[in-house]
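Structure file start38.cif with mmCIF, C-alpha atoms:
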data_model
loop_
_atom_site.group_PDB
_atom_site.id
_atom_site.type_symbol
_atom_site.label_atom_id
_atom_site.label_comp_id
_atom_site.auth_asym_id
_atom_site.auth_seq_id
_atom_site.Cartn_x
_atom_site.Cartn_y
_atom_site.Cartn_z
ATOM 1 C CA MET S 207 38.377 62.075 -3.853
ATOM 2 C CA ALA S 208 38.057 60.032 -7.066
ATOM 3 C CA ILE S 209 35.778 57.551 -5.271
ATOM 4 C CA ILE S 210 33.535 60.410 -4.125
ATOM 5 C CA VAL S 211 33.424 61.946 -7.626
ATOM 6 C CA ILE S 212 32.690 58.550 -9.239
ATOM 7 C CA THR S 213 30.002 57.824 -6.627
ATOM 8 C CA ILE S 214 28.265 61.153 -7.252
ATOM 9 C CA GLY S 215 28.536 60.560 -11.004
ATOM 10 C CA ILE S 216 26.949 57.133 -10.632
ATOM 11 C CA ARG S 217 24.146 58.540 -8.483
ATOM 12 C CA PHE S 218 23.425 61.257 -11.082
ATOM 13 C CA ALA S 219 23.407 58.592 -13.822
ATOM 14 C CA LEU S 220 20.902 56.528 -11.801
ATOM 15 C CA LEU S 221 18.754 59.553 -10.882
ATOM 16 C CA PRO S 222 16.366 59.203 -13.877
ATOM 17 C CA PHE S 223 15.672 55.577 -12.829
ATOM 18 C CA PHE S 224 14.837 56.695 -9.286
ATOM 19 C CA ILE S 225 12.580 59.511 -10.504
ATOM 20 C CA LYS S 226 10.734 57.127 -12.852
ATOM 21 C CA GLN S 227 10.473 54.539 -10.068
ATOM 22 C CA SER S 228 9.064 57.165 -7.702
ATOM 23 C CA LYS S 229 6.481 58.336 -10.260
ATOM 24 C CA ASN S 230 5.472 54.720 -10.970
ATOM 25 C CA SER S 231 5.203 54.054 -7.241
ATOM 26 C CA LYS S 232 2.997 57.114 -6.684
ATOM 27 C CA GLU S 233 0.772 56.137 -9.626
ATOM 28 C CA SER S 234 0.578 52.489 -8.487
ATOM 29 C CA GLN S 235 -0.314 53.492 -4.926
ATOM 30 C CA GLY S 236 -3.153 55.659 -6.223
ATOM 31 C CA LYS S 237 -4.505 52.867 -8.399
ATOM 32 C CA MET S 238 -4.068 50.327 -5.600
ATOM 33 C CA ALA S 239 -6.118 52.490 -3.238
ATOM 34 C CA LEU S 240 -8.816 52.727 -5.912
ATOM 35 C CA ILE S 241 -9.071 48.981 -6.583
ATOM 36 C CA LYS S 242 -8.447 47.790 -3.008
ATOM 37 C CA PRO S 243 -12.157 47.410 -2.089
ATOM 38 C CA GLU S 244 -12.874 45.362 -5.224
ATOM 39 C CA MET S 245 -9.719 43.317 -4.688
ATOM 40 C CA THR S 246 -10.693 42.563 -1.094
ATOM 41 C CA ALA S 247 -14.185 41.523 -2.240
ATOM 42 C CA ILE S 248 -12.694 39.053 -4.744
ATOM 43 C CA GLN S 249 -10.308 37.648 -2.110
ATOM 44 C CA GLU S 250 -13.186 37.283 0.386
ATOM 45 C CA LYS S 251 -15.257 35.505 -2.246
ATOM 46 C CA TYR S 252 -12.582 32.818 -2.574
ATOM 47 C CA LYS S 253 -11.547 32.709 1.093
ATOM 48 C CA GLY S 254 -11.242 29.112 2.267
ATOM 49 C CA LYS S 255 -11.491 27.740 -1.270
ATOM 50 C CA ASN S 256 -8.162 26.091 -2.026
ATOM 51 C CA SER S 257 -8.887 23.998 -5.088
ATOM 52 C CA PRO S 258 -6.793 24.728 -8.206
ATOM 53 C CA GLU S 259 -9.957 25.743 -10.095
ATOM 54 C CA ASP S 260 -10.898 28.288 -7.413
ATOM 55 C CA ARG S 261 -7.397 29.728 -7.314
ATOM 56 C CA LEU S 262 -7.385 29.998 -11.104
ATOM 57 C CA SER S 263 -10.805 31.702 -11.059
ATOM 58 C CA MET S 264 -9.597 34.160 -8.428
ATOM 59 C CA GLN S 265 -6.476 34.947 -10.490
ATOM 60 C CA LYS S 266 -8.629 35.508 -13.588
ATOM 61 C CA GLU S 267 -10.922 37.890 -11.698
ATOM 62 C CA LEU S 268 -7.954 39.770 -10.232
ATOM 63 C CA SER S 269 -6.333 40.002 -13.686
ATOM 64 C CA ALA S 270 -9.577 41.360 -15.137
ATOM 65 C CA LEU S 271 -9.717 43.920 -12.310
ATOM 66 C CA TYR S 272 -6.099 44.964 -12.960
ATOM 67 C CA GLN S 273 -6.824 45.289 -16.674
ATOM 68 C CA LYS S 274 -9.994 47.294 -16.047
ATOM 69 C CA HIS S 275 -8.047 49.846 -13.988
ATOM 70 C CA ASP S 276 -4.850 49.637 -16.096
ATOM 71 C CA PHE S 277 -2.925 48.469 -13.017
ATOM 72 C CA ASN S 278 0.317 46.541 -13.382
ATOM 73 C CA PRO S 279 1.513 44.949 -10.107
ATOM 74 C CA VAL S 280 4.926 44.274 -11.671
ATOM 75 C CA LYS S 281 5.574 48.034 -11.772
ATOM 76 C CA MET S 282 5.646 48.002 -7.977
ATOM 77 C CA VAL S 283 8.522 45.484 -7.965
ATOM 78 C CA THR S 284 10.817 47.245 -10.443
ATOM 79 C CA GLY S 285 12.449 49.225 -7.635
ATOM 80 C CA CYS S 286 15.393 46.812 -7.503
ATOM 81 C CA LEU S 287 16.746 47.819 -10.926
ATOM 82 C CA PRO S 288 18.913 50.741 -9.701
ATOM 83 C CA MET S 289 20.402 48.504 -6.981
ATOM 84 C CA ILE S 290 21.188 45.793 -9.531
ATOM 85 C CA LEU S 291 22.838 48.369 -11.807
ATOM 86 C CA GLN S 292 25.169 49.349 -8.944
ATOM 87 C CA MET S 293 26.445 45.806 -8.318
ATOM 88 C CA PRO S 294 29.094 45.780 -11.089
ATOM 89 C CA ILE S 295 30.400 49.105 -9.776
ATOM 90 C CA LEU S 296 30.699 47.780 -6.220
ATOM 91 C CA ILE S 297 32.456 44.653 -7.462
ATOM 92 C CA GLY S 298 34.750 46.824 -9.604
ATOM 93 C CA PHE S 299 35.619 49.021 -6.597
ATOM 94 C CA TYR S 300 36.327 45.962 -4.485
ATOM 95 C CA TYR S 301 38.709 44.355 -6.988
ATOM 96 C CA ALA S 302 40.347 47.666 -7.929
ATOM 97 C CA ILE S 303 41.220 48.259 -4.276
ATOM 98 C CA ARG S 304 42.311 44.679 -3.630
ATOM 99 C CA ARG S 305 44.481 44.391 -6.751
ATOM 100 C CA THR S 306 45.887 47.905 -7.054
ATOM 101 C CA PRO S 307 48.430 48.702 -4.340
ATOM 102 C CA GLU S 308 48.367 52.413 -5.278
ATOM 103 C CA ILE S 309 44.683 52.626 -4.311
ATOM 104 C CA ALA S 310 44.871 50.296 -1.313
ATOM 105 C CA GLU S 311 47.734 52.292 0.215
ATOM 106 C CA GLN S 312 46.002 55.663 -0.127
ATOM 107 C CA SER S 313 44.418 57.400 2.823
ATOM 108 C CA PHE S 314 41.368 59.632 3.002
ATOM 109 C CA LEU S 315 40.620 61.726 6.068
ATOM 110 C CA TRP S 316 41.741 59.433 8.921
ATOM 111 C CA PHE S 317 41.500 55.984 7.340
ATOM 112 C CA SER S 318 43.350 53.857 4.811
ATOM 113 C CA LEU S 319 41.214 52.952 1.779
ATOM 114 C CA GLY S 320 42.648 49.435 1.642
ATOM 115 C CA GLU S 321 41.900 48.449 5.235
ATOM 116 C CA THR S 322 38.775 48.136 7.344
ATOM 117 C CA ASP S 323 38.096 51.119 9.592
ATOM 118 C CA ILE S 324 35.616 50.516 12.425
ATOM 119 C CA LEU S 325 34.725 54.189 12.853
ATOM 120 C CA PHE S 326 33.959 54.612 9.162
ATOM 121 C CA VAL S 327 31.934 51.385 9.180
ATOM 122 C CA LEU S 328 29.774 52.991 11.891
ATOM 123 C CA VAL S 329 29.475 56.186 9.814
ATOM 124 C CA ALA S 330 28.367 54.165 6.749
ATOM 125 C CA VAL S 331 25.834 52.181 8.813
ATOM 126 C CA LEU S 332 24.419 55.364 10.379
ATOM 127 C CA ILE S 333 24.081 57.101 7.004
ATOM 128 C CA TYR S 334 22.506 53.991 5.466
ATOM 129 C CA TYR S 335 20.027 53.796 8.376
ATOM 130 C CA LEU S 336 19.152 57.502 7.999
ATOM 131 C CA GLN S 337 18.682 56.954 4.257
ATOM 132 C CA ALA S 338 16.238 54.130 4.981
ATOM 133 C CA LYS S 339 14.352 56.266 7.548
ATOM 134 C CA VAL S 340 14.038 59.168 5.080
ATOM 135 C CA SER S 341 12.576 56.790 2.503
ATOM 136 C CA LEU S 342 9.752 56.025 5.002
ATOM 137 C CA ILE S 343 8.464 59.606 4.888
ATOM 138 C CA GLY S 344 4.945 59.712 3.473
ATOM 139 C CA LEU S 345 4.320 55.953 3.508
ATOM 140 C CA GLU S 346 1.167 54.464 4.977
ATOM 141 C CA GLN S 347 1.447 52.879 8.445
ATOM 142 C CA PRO S 348 1.407 49.163 7.457
ATOM 143 C CA GLN S 349 3.982 49.724 4.727
ATOM 144 C CA ARG S 350 6.067 51.901 7.057
ATOM 145 C CA LYS S 351 6.249 49.117 9.689
ATOM 146 C CA GLN S 352 7.434 46.582 7.130
ATOM 147 C CA MET S 353 9.973 48.979 5.621
ATOM 148 C CA ALA S 354 11.236 50.046 9.069
ATOM 149 C CA PHE S 355 12.142 46.444 9.812
ATOM 150 C CA MET S 356 13.937 46.200 6.458
ATOM 151 C CA ALA S 357 15.833 49.420 7.269
ATOM 152 C CA ILE S 358 17.261 47.838 10.397
ATOM 153 C CA ILE S 359 18.143 44.579 8.643
ATOM 154 C CA SER S 360 19.781 46.303 5.661
ATOM 155 C CA SER S 361 21.805 48.592 7.969
ATOM 156 C CA ILE S 362 23.065 45.568 9.906
ATOM 157 C CA MET S 363 23.979 43.860 6.626
ATOM 158 C CA ILE S 364 25.890 46.942 5.437
ATOM 159 C CA GLY S 365 27.760 46.912 8.756
ATOM 160 C CA ILE S 366 28.670 43.229 8.513
ATOM 161 C CA ILE S 367 29.809 43.557 4.901
ATOM 162 C CA SER S 368 31.739 46.764 5.687
ATOM 163 C CA LEU S 369 33.651 44.988 8.450
ATOM 164 C CA ASN S 370 34.974 42.518 5.872
ATOM 165 C CA VAL S 371 35.927 44.828 2.992
ATOM 166 C CA PRO S 372 38.360 47.709 2.473
ATOM 167 C CA ALA S 373 37.192 51.104 3.748
ATOM 168 C CA ALA S 374 36.711 52.390 0.187
ATOM 169 C CA LEU S 375 33.405 50.492 -0.099
ATOM 170 C CA PRO S 376 31.911 51.965 3.104
ATOM 171 C CA LEU S 377 33.095 55.331 1.724
ATOM 172 C CA TYR S 378 31.105 54.622 -1.456
ATOM 173 C CA TRP S 379 28.054 53.613 0.625
ATOM 174 C CA ALA S 380 28.332 56.685 2.855
ATOM 175 C CA VAL S 381 28.621 59.172 -0.020
ATOM 176 C CA SER S 382 25.929 57.325 -1.962
ATOM 177 C CA GLY S 383 23.685 57.316 1.126
ATOM 178 C CA LEU S 384 24.083 61.075 1.642
ATOM 179 C CA PHE S 385 23.235 61.656 -2.019
ATOM 180 C CA VAL S 386 20.165 59.387 -1.768
ATOM 181 C CA ILE S 387 18.951 61.197 1.370
ATOM 182 C CA VAL S 388 18.984 64.535 -0.466
ATOM 183 C CA GLN S 389 17.558 62.927 -3.624
ATOM 184 C CA THR S 390 14.729 61.267 -1.688
ATOM 185 C CA LEU S 391 13.792 64.466 0.128
ATOM 186 C CA ILE S 392 13.668 66.376 -3.178
ATOM 187 C CA ILE S 393 11.667 63.640 -4.963
ATOM 188 C CA LYS S 394 9.198 63.293 -2.082
ATOM 189 C CA LYS S 395 8.722 67.059 -1.989
ATOM 190 C CA THR S 396 8.303 67.522 -5.750
ATOM 191 C CA ILE S 397 6.553 64.307 -6.856
ATOM 192 C CA HIS S 398 4.718 63.153 -3.743
ATOM 193 C CA GLY S 399 4.159 66.547 -2.133
ATOM 194 C CA THR S 400 5.127 65.248 1.346
#
Would you mind writing the file out in structure tokens?
Amino acid sequence: MAIIVITIGIRFALLPFFIKQSKNSKESQGKMALIKPEMTAIQEKYKGKNSPEDRLSMQKELSALYQKHDFNPVKMVTGCLPMILQMPILIGFYYAIRRTPEIAEQSFLWFSLGETDILFVLVAVLIYYLQAKVSLIGLEQPQRKQMAFMAIISSIMIGIISLNVPAALPLYWAVSGLFVIVQTLIIKKTIHGT
């Protein structure tokens, strides 16, 4: 139960980052749609021109366009911050379970926290896949295709990692995934209106 409580606490602590990321994403998508025609025109202008001077000129024109519309492409990439913030927690869980016999010998529901449980690995993978599918709601078709592929790959990776770690980590991922599903649905409804 402590793992579940800690996981929910972590997710609530990270919630402001996700809300800010979602607002930034919505704002960036709106600006990107606005500048897309001009951006395409600049790219077409330099199509087939591969000299360093041409590339530099294209970058200058794109930078001027971004500045004109107050668009920051870096804002679109900041979505990894909440995942990076979770890494020390995952590593802490892993070593706490490995090095503390009291935790490793505990059971939750039908599985031992210190051993791999195939059924719970499947539960974690399914929840993680559903979480990825929910995050696709409201995305445009090209972006949805790319993200759908990533959803499959990340679910497979969670499964492979879960098969090689104690069941407490898939428990963390499953609870975290359920929280993120609810969080994503609420954010998409309130911020994005989808």
In Å, with one decimal, what is the gap from CA of Gly365 (chain S) to CA of Tyr378 (chain S)? 13.2 Å
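Our summary of the geometry notes that CA of Asn370 (chain S) is positioned 21.8 Å from CA of Gln337 (chain S).
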Rounded to one decimal place, report the CA of Lys229 (chain S)-CA of Ile212 (chain S) distance in Å.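 Atom-to-atom, CA of Lys229 (chain S) and CA of Ile212 (chain S) are spaced 26.2 Å apart.
Picked out by the PyMOL selection byres ((chain S and resi 272-274) around 12) when it runs on this file: Ser234, Lys237, Met238, Leu240, Ile241, Lys242, Glu244, Met245, Gln265, Lys266, Glu267, Leu268, Ser269, Ala270, Leu271, His275, Asp276, Phe277, Asn278, Pro279 and Val280 of chain S.
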Rank S:Val388, S:Leu328, S:Met264, S:Ile248 by their smallest atom-to-atom distance to Ile362 (chain S), using only C-alpha atoms, and report the top residue only.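 Among the listed residues, S:Leu328 lies closest to Ile362 (chain S).
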Pick the closest to Ile297 (chain S) from S:Met363, S:Val371, S:Val381, S:Leu221: which is it, counting all atoms listed in the file?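 With all atoms listed in the file as the atom set, the closest residue is S:Val371.
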For Ala357 (chain S), the nearest of the candidates S:Leu325, S:Ala247, S:Leu369, S:Leu336, counting only C-alpha atoms: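 The shortest atom-to-atom distance to Ala357 (chain S) comes from S:Leu336.
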Which residues match the PyMOL selection byres ((chain S and resi 389) around 12) in the file above, as a PyMOL selection string? chain S and resi 214+217-218+220-225+228+337+340-341+382-388+390-397
How would you write, as an NGL selection string, the residues chosen by the PyMOL selection byres ((chain S and resi 331) around 8) on this structure? :S and (327-330 or 332-335 or 361-362 or 364-365 or 380)
Using all atoms listed in the file: which of S:Ala302, S:Ile359, S:Ile295, S:Ala373 has the shortest distance to Thr213 (chain S):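 Nearest candidate to Thr213 (chain S) out of S:Ala302, S:Ile359, S:Ile295, S:Ala373: S:Ile295.
Candidate residues S:Gly236, S:Tyr252, S:Ala338, S:Pro372 were compared for distance to Met356 (chain S), and the nearest is S:Ala338, using all atoms listed in the file.
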